[in-house]
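Single-structure report; data block below.
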Amino acid sequence: MTRTKLVEKRYQRAMAVKDGWLGLWQDCYNYALPQHKTNNINGKSSGRRGSDLYDATASDAIEQLAASLLGHLTPPWSQWFGLKPGPDVTETDRQALASILEKAAKTVQSHFDRSNFSVELHQCFLDLTVGGTASLLFEESEPGALSAFNFTSVPLMSVAMDEGGNGRLENTYRKLEMTAAQIRDRYPYADLPEQMERKNNEEIYNVCESVVAEEEGYVYSASVPDNAVELAHVRLEHNPFINFRWMKSPGEIYGRSPVMKVLPDIKTANKVVELILKNASIAISGIWQADDDGVLNPANIELIPGAIIPKAVGSKGLTPLDMPGRFDVSQLVLEDLRARIRHALLVDRLPQIEARSMTATEVLERSGEMSLLLGASYGRLQSELLTPLIIRAYEILRRRGEVPDIQIDGRMVEIDYRSPLARTQGQKHVQNTLSWINSVLAMGPEAAQTINLPQAATFLAEALGVPSDLVNAAPALPTELVNQGEGEMYV
């Protein structure tokens with residue numbers, strides 16, 4: 001079996017698994033992102049998208065959730081990660097290496113800021129919160145470009161995924177529709193047949209790209225299956241497709257989104273608003289009855305203020321029809337439905353900055369609640385999105401010679417996450433540590449000897465996301481410097 005046939009067989013097998021999710025994805029996008037291009041999951045036009053949508057609570061909540069994720073995980077124009085020495089680095093080399101790594105992290109961050117990273121990642125977060133799974137294509141730009149990074153948000157309709165041996169979505173299959181000129185531009189070294197090399201060839205070809213994980217890295221393949229043309233086949237050290245999920249159930253490949261959890265409430269709220277609008281139209285225009293006496297012509301009647309409707313002598317004319325009941329009960333359930341939708345989509349858990357001021361205790365408690373709610377999702381996003389993203393970015397710049405030739409292996413070099421959500425994770429530890437230090441110092445000089453102030457300062461710096469090159473690796477405070485008489489400590 002040729003490589004092209006093998007890739008096509010793997011793609012069809014992955015598509016068979018994906019087909020079971022298309023109906024659920026279609027419902028989610030219809031009610032949460034009706035104008036999104038991924039709405040047409042099956043590739044068929046559905047006319048005016050969103051014409052049957054009457055309640056926009058879910059759409060508004062999804063946009064706020066995606067924007068909150070971008071601001072809490074990877075805030076634009078902010079140093080949301082750093083690099084620091086790992087546990088295998090000796091104390092004598094730690095300070096020098098910290099300064100080098102901090103400069104390298106700022107170099108990587110500057111390339112992120114100059115690229116289209118924030119724009120494309122925000123689109124991925126929309127897919128993540130609606131479909132539960134998102135794919136970000138991370139490619140290297142051409143030499144001389146403003147940034148070395150180029151990102152593309154890959155819609156769910158054009159990609160199929162499969163898990164690798166480590167449980168991550170490492171195998172990716174993507175379908176593209178490209179002209180011969182676009183194929184030559186993307187694959188300049190491909191040997192194209194004569195019919196594809198013709199000038200003014202505007203025929204659309206189906207191109208299949210795949211990245212499959214193997215023992216020694218990844219294999220990237222591209223082909224035109226309909227014409228049995230192989231465009232590329234190379235080995236890669238890192239996967240250019242970064243696939244990540246909101247959450248997943250055991251035994252499933254694709255992720256589940258918060259919209260899927262609250263989809264029944266979204267449908268019910270949409271139907272309630274539709275019935276309210278229909279009831280309002282009846283209340284405005286009414287339902288009327290009249291005697292068919294051969295004089296009254298309903299086609300010529302306009303129910304507008306000031307209109308004069310003629311009637312025959314002795315007839316009742318137009319008579320309003322009494323309705324058996326009203327739909328006032330809808331107001332009792334609509335607000336409850338909308339509150340549950342906002343709660344499930346974390347609108348009330350990730351609030352915008354409020355006008356009123358909050359106490360320090362309220363800020364701490366709200367941050368702790370947010371950390372608990374997003375703990376599982378943040379752990380998955382850190383493992384499937386942030387870590388591969390930073391490692392691939394560093395490797396691209398290392399190959400270009402813009403950062404030191406050091407690998408991020410977790411032993412010599414570690415990733416230090418400094419996003420607002422990552423700092424929230426350590427706020428409780430900071431509060432507990434400060435409370436313990438204050439309590440011990442209040443006990444007197446003998447109890448104060450148990451505090452290692454330099455190590456405590458280092459711990460607080462790490463928990464608060466302070467750059468590692470600003471922290472000196474100071475030794476523990478000698479006990480000889482403790483003044484037993486006055487209870488004061490000198491360094």
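FYI, nothing fancy with the structure tokens labels: chains A, B, ... in order, residues from 1 per chain, ligands from 1 as they appear.
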Write down as a JSON list (two decimals) with N, CA and C atoms, in the first residue's frame the residues of segment 59-219 of chain A whose backbone DSSP state falls under alpha helix (DSSP H).
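Okay, selection_21.json is ready:
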[["chain", "number", "residue", "atom", "x", "y", "z"],
["A", 59, "SER", "N", -24.90, 33.15, 23.06],
["A", 59, "SER", "CA", -23.91, 33.78, 22.19],
["A", 59, "SER", "C", -23.10, 34.83, 22.94],
["A", 60, "ASP", "N", -23.79, 35.65, 23.73],
["A", 60, "ASP", "CA", -23.10, 36.67, 24.50],
["A", 60, "ASP", "C", -22.19, 36.06, 25.56],
["A", 61, "ALA", "N", -22.66, 34.99, 26.21],
["A", 61, "ALA", "CA", -21.85, 34.34, 27.25],
["A", 61, "ALA", "C", -20.62, 33.68, 26.67],
["A", 62, "ILE", "N", -20.74, 33.08, 25.49],
["A", 62, "ILE", "CA", -19.60, 32.41, 24.87],
["A", 62, "ILE", "C", -18.51, 33.42, 24.51],
["A", 63, "GLU", "N", -18.91, 34.57, 23.98],
["A", 63, "GLU", "CA", -17.91, 35.59, 23.64],
["A", 63, "GLU", "C", -17.19, 36.08, 24.90],
["A", 64, "GLN", "N", -17.93, 36.25, 25.99],
["A", 64, "GLN", "CA", -17.29, 36.68, 27.23],
["A", 64, "GLN", "C", -16.36, 35.61, 27.79],
["A", 65, "LEU", "N", -16.77, 34.34, 27.69],
["A", 65, "LEU", "CA", -15.93, 33.25, 28.20],
["A", 65, "LEU", "C", -14.65, 33.13, 27.39],
["A", 66, "ALA", "N", -14.76, 33.23, 26.05],
["A", 66, "ALA", "CA", -13.56, 33.14, 25.21],
["A", 66, "ALA", "C", -12.61, 34.31, 25.49],
["A", 67, "ALA", "N", -13.16, 35.51, 25.65],
["A", 67, "ALA", "CA", -12.32, 36.66, 25.96],
["A", 67, "ALA", "C", -11.68, 36.52, 27.35],
["A", 68, "SER", "N", -12.42, 35.95, 28.32],
["A", 68, "SER", "CA", -11.86, 35.75, 29.65],
["A", 68, "SER", "C", -10.74, 34.73, 29.64],
["A", 69, "LEU", "N", -10.90, 33.66, 28.86],
["A", 69, "LEU", "CA", -9.83, 32.67, 28.76],
["A", 69, "LEU", "C", -8.57, 33.27, 28.16],
["A", 70, "LEU", "N", -8.75, 34.10, 27.12],
["A", 70, "LEU", "CA", -7.58, 34.74, 26.52],
["A", 70, "LEU", "C", -6.90, 35.66, 27.52],
["A", 71, "GLY", "N", -7.68, 36.42, 28.28],
["A", 71, "GLY", "CA", -7.09, 37.34, 29.24],
["A", 71, "GLY", "C", -6.51, 36.66, 30.46],
["A", 72, "HIS", "N", -7.05, 35.49, 30.85],
["A", 72, "HIS", "CA", -6.56, 34.80, 32.05],
["A", 72, "HIS", "C", -5.42, 33.84, 31.75],
["A", 73, "LEU", "N", -5.34, 33.31, 30.52],
["A", 73, "LEU", "CA", -4.31, 32.33, 30.18],
["A", 73, "LEU", "C", -3.14, 32.96, 29.42],
["A", 91, "GLU", "N", 23.36, 25.70, 42.87],
["A", 91, "GLU", "CA", 23.09, 27.02, 43.40],
["A", 91, "GLU", "C", 24.07, 28.05, 42.86],
["A", 92, "THR", "N", 25.28, 27.64, 42.57],
["A", 92, "THR", "CA", 26.28, 28.59, 42.06],
["A", 92, "THR", "C", 25.95, 29.05, 40.65],
["A", 93, "ASP", "N", 25.32, 28.20, 39.84],
["A", 93, "ASP", "CA", 25.00, 28.55, 38.45],
["A", 93, "ASP", "C", 23.58, 29.07, 38.30],
["A", 94, "ARG", "N", 22.79, 29.02, 39.35],
["A", 94, "ARG", "CA", 21.37, 29.34, 39.21],
["A", 94, "ARG", "C", 21.14, 30.81, 38.84],
["A", 95, "GLN", "N", 21.87, 31.72, 39.49],
["A", 95, "GLN", "CA", 21.63, 33.13, 39.24],
["A", 95, "GLN", "C", 22.03, 33.52, 37.81],
["A", 96, "ALA", "N", 23.17, 33.01, 37.36],
["A", 96, "ALA", "CA", 23.62, 33.33, 36.00],
["A", 96, "ALA", "C", 22.68, 32.75, 34.95],
["A", 97, "LEU", "N", 22.23, 31.50, 35.18],
["A", 97, "LEU", "CA", 21.32, 30.88, 34.22],
["A", 97, "LEU", "C", 19.95, 31.56, 34.25],
["A", 98, "ALA", "N", 19.51, 32.03, 35.41],
["A", 98, "ALA", "CA", 18.21, 32.69, 35.50],
["A", 98, "ALA", "C", 18.17, 33.95, 34.66],
["A", 99, "SER", "N", 19.27, 34.70, 34.65],
["A", 99, "SER", "CA", 19.32, 35.91, 33.84],
["A", 99, "SER", "C", 19.26, 35.60, 32.36],
["A", 100, "ILE", "N", 19.95, 34.54, 31.94],
["A", 100, "ILE", "CA", 19.95, 34.14, 30.53],
["A", 100, "ILE", "C", 18.56, 33.67, 30.10],
["A", 101, "LEU", "N", 17.93, 32.87, 30.93],
["A", 101, "LEU", "CA", 16.62, 32.33, 30.58],
["A", 101, "LEU", "C", 15.54, 33.40, 30.58],
["A", 102, "GLU", "N", 15.66, 34.36, 31.48],
["A", 102, "GLU", "CA", 14.67, 35.45, 31.51],
["A", 102, "GLU", "C", 14.75, 36.27, 30.23],
["A", 103, "LYS", "N", 15.94, 36.51, 29.76],
["A", 103, "LYS", "CA", 16.09, 37.23, 28.49],
["A", 103, "LYS", "C", 15.56, 36.41, 27.33],
["A", 104, "ALA", "N", 15.78, 35.10, 27.34],
["A", 104, "ALA", "CA", 15.27, 34.24, 26.28],
["A", 104, "ALA", "C", 13.75, 34.21, 26.28],
["A", 105, "ALA", "N", 13.14, 34.18, 27.47],
["A", 105, "ALA", "CA", 11.68, 34.18, 27.56],
["A", 105, "ALA", "C", 11.09, 35.47, 27.00],
["A", 106, "LYS", "N", 11.75, 36.60, 27.25],
["A", 106, "LYS", "CA", 11.27, 37.86, 26.70],
["A", 106, "LYS", "C", 11.40, 37.89, 25.18],
["A", 107, "THR", "N", 12.42, 37.23, 24.65],
["A", 107, "THR", "CA", 12.57, 37.15, 23.20],
["A", 107, "THR", "C", 11.43, 36.34, 22.58],
["A", 108, "VAL", "N", 11.11, 35.20, 23.20],
["A", 108, "VAL", "CA", 10.00, 34.39, 22.71],
["A", 108, "VAL", "C", 8.69, 35.16, 22.81],
["A", 109, "GLN", "N", 8.48, 35.85, 23.93],
["A", 109, "GLN", "CA", 7.25, 36.61, 24.12],
["A", 109, "GLN", "C", 7.12, 37.72, 23.08],
["A", 110, "SER", "N", 8.22, 38.35, 22.72],
["A", 110, "SER", "CA", 8.15, 39.42, 21.72],
["A", 110, "SER", "C", 7.71, 38.90, 20.37],
["A", 111, "HIS", "N", 8.12, 37.68, 20.01],
["A", 111, "HIS", "CA", 7.66, 37.08, 18.75],
["A", 111, "HIS", "C", 6.17, 36.74, 18.82],
["A", 112, "PHE", "N", 5.69, 36.29, 19.98],
["A", 112, "PHE", "CA", 4.25, 36.08, 20.14],
["A", 112, "PHE", "C", 3.49, 37.38, 19.95],
["A", 113, "ASP", "N", 3.99, 38.46, 20.55],
["A", 113, "ASP", "CA", 3.28, 39.74, 20.48],
["A", 113, "ASP", "C", 3.25, 40.29, 19.06],
["A", 114, "ARG", "N", 4.28, 40.05, 18.27],
["A", 114, "ARG", "CA", 4.33, 40.58, 16.91],
["A", 114, "ARG", "C", 3.60, 39.72, 15.90],
["A", 117, "PHE", "N", -0.90, 35.71, 16.98],
["A", 117, "PHE", "CA", -1.20, 34.70, 17.98],
["A", 117, "PHE", "C", -2.51, 34.99, 18.71],
["A", 118, "SER", "N", -2.69, 36.19, 19.23],
["A", 118, "SER", "CA", -3.88, 36.50, 20.02],
["A", 118, "SER", "C", -5.15, 36.41, 19.18],
["A", 119, "VAL", "N", -5.08, 36.84, 17.92],
["A", 119, "VAL", "CA", -6.26, 36.80, 17.05],
["A", 119, "VAL", "C", -6.70, 35.36, 16.80],
["A", 120, "GLU", "N", -5.76, 34.52, 16.41],
["A", 120, "GLU", "CA", -6.10, 33.14, 16.07],
["A", 120, "GLU", "C", -6.45, 32.32, 17.31],
["A", 121, "LEU", "N", -5.77, 32.58, 18.43],
["A", 121, "LEU", "CA", -6.07, 31.80, 19.65],
["A", 121, "LEU", "C", -7.46, 32.15, 20.16],
["A", 122, "HIS", "N", -7.89, 33.40, 20.02],
["A", 122, "HIS", "CA", -9.24, 33.76, 20.44],
["A", 122, "HIS", "C", -10.28, 32.97, 19.63],
["A", 123, "GLN", "N", -10.04, 32.79, 18.34],
["A", 123, "GLN", "CA", -10.94, 31.98, 17.53],
["A", 123, "GLN", "C", -10.92, 30.52, 17.99],
["A", 124, "CYS", "N", -9.75, 30.03, 18.39],
["A", 124, "CYS", "CA", -9.68, 28.67, 18.93],
["A", 124, "CYS", "C", -10.47, 28.54, 20.22],
["A", 125, "PHE", "N", -10.41, 29.56, 21.06],
["A", 125, "PHE", "CA", -11.18, 29.53, 22.31],
["A", 125, "PHE", "C", -12.68, 29.53, 22.04],
["A", 126, "LEU", "N", -13.13, 30.17, 20.97],
["A", 126, "LEU", "CA", -14.54, 30.09, 20.60],
["A", 126, "LEU", "C", -14.91, 28.66, 20.22],
["A", 127, "ASP", "N", -14.06, 28.00, 19.42],
["A", 127, "ASP", "CA", -14.29, 26.59, 19.10],
["A", 127, "ASP", "C", -14.24, 25.72, 20.35],
["A", 128, "LEU", "N", -13.32, 26.04, 21.25],
["A", 128, "LEU", "CA", -13.15, 25.24, 22.47],
["A", 128, "LEU", "C", -14.39, 25.30, 23.35],
["A", 129, "THR", "N", -14.94, 26.49, 23.54],
["A", 129, "THR", "CA", -16.08, 26.64, 24.44],
["A", 129, "THR", "C", -17.39, 26.17, 23.82],
["A", 130, "VAL", "N", -17.46, 26.09, 22.49],
["A", 130, "VAL", "CA", -18.68, 25.63, 21.82],
["A", 130, "VAL", "C", -18.58, 24.16, 21.45],
["A", 131, "GLY", "N", -17.51, 23.77, 20.76],
["A", 131, "GLY", "CA", -17.36, 22.40, 20.31],
["A", 131, "GLY", "C", -16.59, 21.51, 21.25],
["A", 180, "ALA", "N", -4.22, 24.91, -8.19],
["A", 180, "ALA", "CA", -2.87, 24.47, -8.54],
["A", 180, "ALA", "C", -1.84, 25.52, -8.16],
["A", 181, "ALA", "N", -2.18, 26.81, -8.31],
["A", 181, "ALA", "CA", -1.24, 27.86, -7.94],
["A", 181, "ALA", "C", -0.99, 27.86, -6.43],
["A", 182, "GLN", "N", -2.03, 27.64, -5.63],
["A", 182, "GLN", "CA", -1.85, 27.59, -4.19],
["A", 182, "GLN", "C", -1.04, 26.37, -3.78],
["A", 183, "ILE", "N", -1.22, 25.25, -4.48],
["A", 183, "ILE", "CA", -0.44, 24.04, -4.18],
["A", 183, "ILE", "C", 1.03, 24.29, -4.48],
["A", 184, "ARG", "N", 1.32, 24.93, -5.62],
["A", 184, "ARG", "CA", 2.73, 25.22, -5.95],
["A", 184, "ARG", "C", 3.35, 26.17, -4.95],
["A", 185, "ASP", "N", 2.54, 27.12, -4.43],
["A", 185, "ASP", "CA", 3.07, 28.08, -3.47],
["A", 185, "ASP", "C", 3.35, 27.43, -2.12],
["A", 186, "ARG", "N", 2.48, 26.51, -1.69],
["A", 186, "ARG", "CA", 2.66, 25.87, -0.38],
["A", 186, "ARG", "C", 3.67, 24.72, -0.44],
["A", 194, "GLU", "N", 1.49, 16.96, -15.21],
["A", 194, "GLU", "CA", 1.42, 17.97, -16.27],
["A", 194, "GLU", "C", 0.10, 18.73, -16.25],
["A", 195, "GLN", "N", -1.02, 18.03, -15.99],
["A", 195, "GLN", "CA", -2.31, 18.72, -16.02],
["A", 195, "GLN", "C", -2.43, 19.74, -14.90],
["A", 196, "MET", "N", -1.71, 19.56, -13.77],
["A", 196, "MET", "CA", -1.76, 20.54, -12.70],
["A", 196, "MET", "C", -0.80, 21.70, -12.94],
["A", 197, "GLU", "N", 0.17, 21.52, -13.84],
["A", 197, "GLU", "CA", 1.14, 22.57, -14.13],
["A", 197, "GLU", "C", 0.66, 23.52, -15.23]]
Find the residues near segment 220-223 of chain A: any atom within 8 Å, counting only C-alpha atoms, skip ones fewer than 3 places away on the same chain, and give them as JSON, numbers by chain.
{"A": [4, 7, 207, 208, 209, 210, 211, 212, 228, 229, 230, 231, 232, 233, 234, 235, 236]}
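Among the candidates A:Ala14, A:Leu381, A:Leu53, A:Leu22, the one nearest to Gln35 of chain A when counting only C-alpha atoms is A:Leu53.
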Within 12 Å of segment 174-178 of chain A: each segment 4-89 of chain A residue with its shortest pair, only C-alpha atoms, as a Markdown table:
| residue | atom | partner | partner_atom | distance |
| --- | --- | --- | --- | --- |
| A:Val7 | CA | A:Arg174 | CA | 10.8 |
| A:Glu8 | CA | A:Lys175 | CA | 10.6 |
| A:Arg10 | CA | A:Arg174 | CA | 11.4 |
| A:Tyr11 | CA | A:Arg174 | CA | 8.3 |
| A:Gln12 | CA | A:Arg174 | CA | 11.1 |
| A:Ala14 | CA | A:Arg174 | CA | 10.5 |
| A:Met15 | CA | A:Arg174 | CA | 10.2 |
Expected file contents, prior selection, C-alpha atoms, as a JSON list (two decimals), in the first residue's frame:
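Contents of the output file again_19.json:
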[["chain", "number", "residue", "atom", "x", "y", "z"],
["A", 7, "VAL", "CA", -2.86, 8.34, 4.77],
["A", 8, "GLU", "CA", -6.26, 8.32, 3.08],
["A", 10, "ARG", "CA", -6.21, 6.67, 8.30],
["A", 11, "TYR", "CA", -8.13, 9.83, 7.43],
["A", 12, "GLN", "CA", -11.31, 7.88, 6.64],
["A", 14, "ALA", "CA", -10.63, 9.20, 11.86],
["A", 15, "MET", "CA", -13.58, 10.72, 9.98]]
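Counting from atom CA of Leu470 of chain A, the distance to atom CA of Leu441 of chain A is 26.0 Å.
A straight line drawn from atom CA of Pro404 of chain A to atom CA of Arg392 of chain A is 14.4 Å long.
Here atom CA of Ile396 of chain A and atom CA of Thr152 of chain A stand 16.6 Å from one another.
Nearest residue to Ala339 of chain A, choosing from A:Ile451, A:Ala160, A:Ala456, A:Ala269 and counting only C-alpha atoms: A:Ala269.
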Would you list the contacts of Ser377 of chain A as a list in words, taking every protein, DNA or RNA residue within 9 Å and counting only C-alpha atoms, but skipping same-chain residues closer than 5 positions in sequence?
Arg245, Trp246, Met247 and Gln382 of chain A
Residues at most 12 Å from Asp88 of chain A, counting only C-alpha atoms, excluding those fewer than 6 positions away in the same chain, as number ranges by chain?
A: 94, 97, 409-414
Could you write out that same residue set with C-alpha atoms as a short mmCIF file (atom, residue, chain, number, x, y, z; two decimals), in the first residue's frame?
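So the final result, stored in again34.cif, reads:
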data_model
loop_
_atom_site.label_atom_id
_atom_site.label_comp_id
_atom_site.auth_asym_id
_atom_site.auth_seq_id
_atom_site.Cartn_x
_atom_site.Cartn_y
_atom_site.Cartn_z
CA ARG A 94 21.37 29.34 39.21
CA LEU A 97 21.32 30.88 34.22
CA ASP A 409 13.43 19.44 29.68
CA GLY A 410 12.04 20.17 33.16
CA ARG A 411 15.40 19.38 34.80
CA MET A 412 17.78 22.10 33.66
CA VAL A 413 15.09 24.49 32.39
CA GLU A 414 11.49 24.77 33.56
#
Which of segment 126-226 of chain A DSSP labels strand (DSSP E or B), written as an mmCIF file with C-alpha atoms, in the first residue's frame:
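The result, written out as out-v9.cif:
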data_model
loop_
_atom_site.group_PDB
_atom_site.id
_atom_site.type_symbol
_atom_site.label_atom_id
_atom_site.label_comp_id
_atom_site.auth_asym_id
_atom_site.auth_seq_id
_atom_site.Cartn_x
_atom_site.Cartn_y
_atom_site.Cartn_z
ATOM 1 C CA THR A 133 -12.117 20.758 20.901
ATOM 2 C CA ALA A 134 -9.885 23.238 19.068
ATOM 3 C CA SER A 135 -6.890 23.045 16.762
ATOM 4 C CA LEU A 136 -4.158 25.670 16.348
ATOM 5 C CA LEU A 137 -1.682 25.317 13.477
ATOM 6 C CA PHE A 138 1.710 26.709 14.547
ATOM 7 C CA GLU A 139 4.000 27.267 11.537
ATOM 8 C CA GLU A 140 7.319 29.041 11.115
ATOM 9 C CA PHE A 149 5.610 32.561 14.193
ATOM 10 C CA ASN A 150 2.514 32.179 12.056
ATOM 11 C CA PHE A 151 -0.720 30.789 13.505
ATOM 12 C CA THR A 152 -3.902 29.483 11.912
ATOM 13 C CA SER A 153 -7.088 28.549 13.708
ATOM 14 C CA VAL A 154 -8.221 25.310 12.076
ATOM 15 C CA VAL A 159 -9.930 18.480 10.651
ATOM 16 C CA ALA A 160 -10.103 15.009 12.162
ATOM 17 C CA MET A 161 -8.042 13.912 15.156
ATOM 18 C CA ASP A 162 -6.861 10.793 16.904
ATOM 19 C CA ASN A 171 -2.564 12.556 15.078
ATOM 20 C CA THR A 172 -4.201 15.187 12.884
ATOM 21 C CA TYR A 173 -5.805 14.896 9.453
ATOM 22 C CA ARG A 174 -6.823 18.026 7.587
ATOM 23 C CA LYS A 175 -8.713 18.535 4.317
ATOM 24 C CA LEU A 176 -7.987 21.607 2.196
ATOM 25 C CA GLU A 177 -9.406 22.892 -1.062
ATOM 26 C CA MET A 178 -6.635 24.520 -3.094
ATOM 27 C CA TYR A 205 -8.154 20.054 -5.728
ATOM 28 C CA ASN A 206 -8.729 18.277 -2.416
ATOM 29 C CA VAL A 207 -5.465 18.236 -0.481
ATOM 30 C CA CYS A 208 -5.091 15.967 2.530
ATOM 31 C CA GLU A 209 -2.515 16.878 5.185
ATOM 32 C CA SER A 210 -1.649 14.563 8.040
ATOM 33 C CA VAL A 211 0.677 14.584 11.038
ATOM 34 C CA VAL A 212 1.138 11.190 12.691
ATOM 35 C CA ALA A 213 3.131 10.585 15.879
ATOM 36 C CA GLU A 214 5.878 7.941 15.740
ATOM 37 C CA GLY A 217 8.980 12.313 16.271
ATOM 38 C CA TYR A 218 6.224 13.081 13.807
ATOM 39 C CA VAL A 219 5.651 12.350 10.123
ATOM 40 C CA TYR A 220 4.058 15.068 8.016
ATOM 41 C CA SER A 221 2.439 14.016 4.749
ATOM 42 C CA ALA A 222 0.488 15.932 2.121
ATOM 43 C CA SER A 223 -1.148 14.509 -0.981
ATOM 44 C CA VAL A 224 -3.928 14.917 -3.532
#
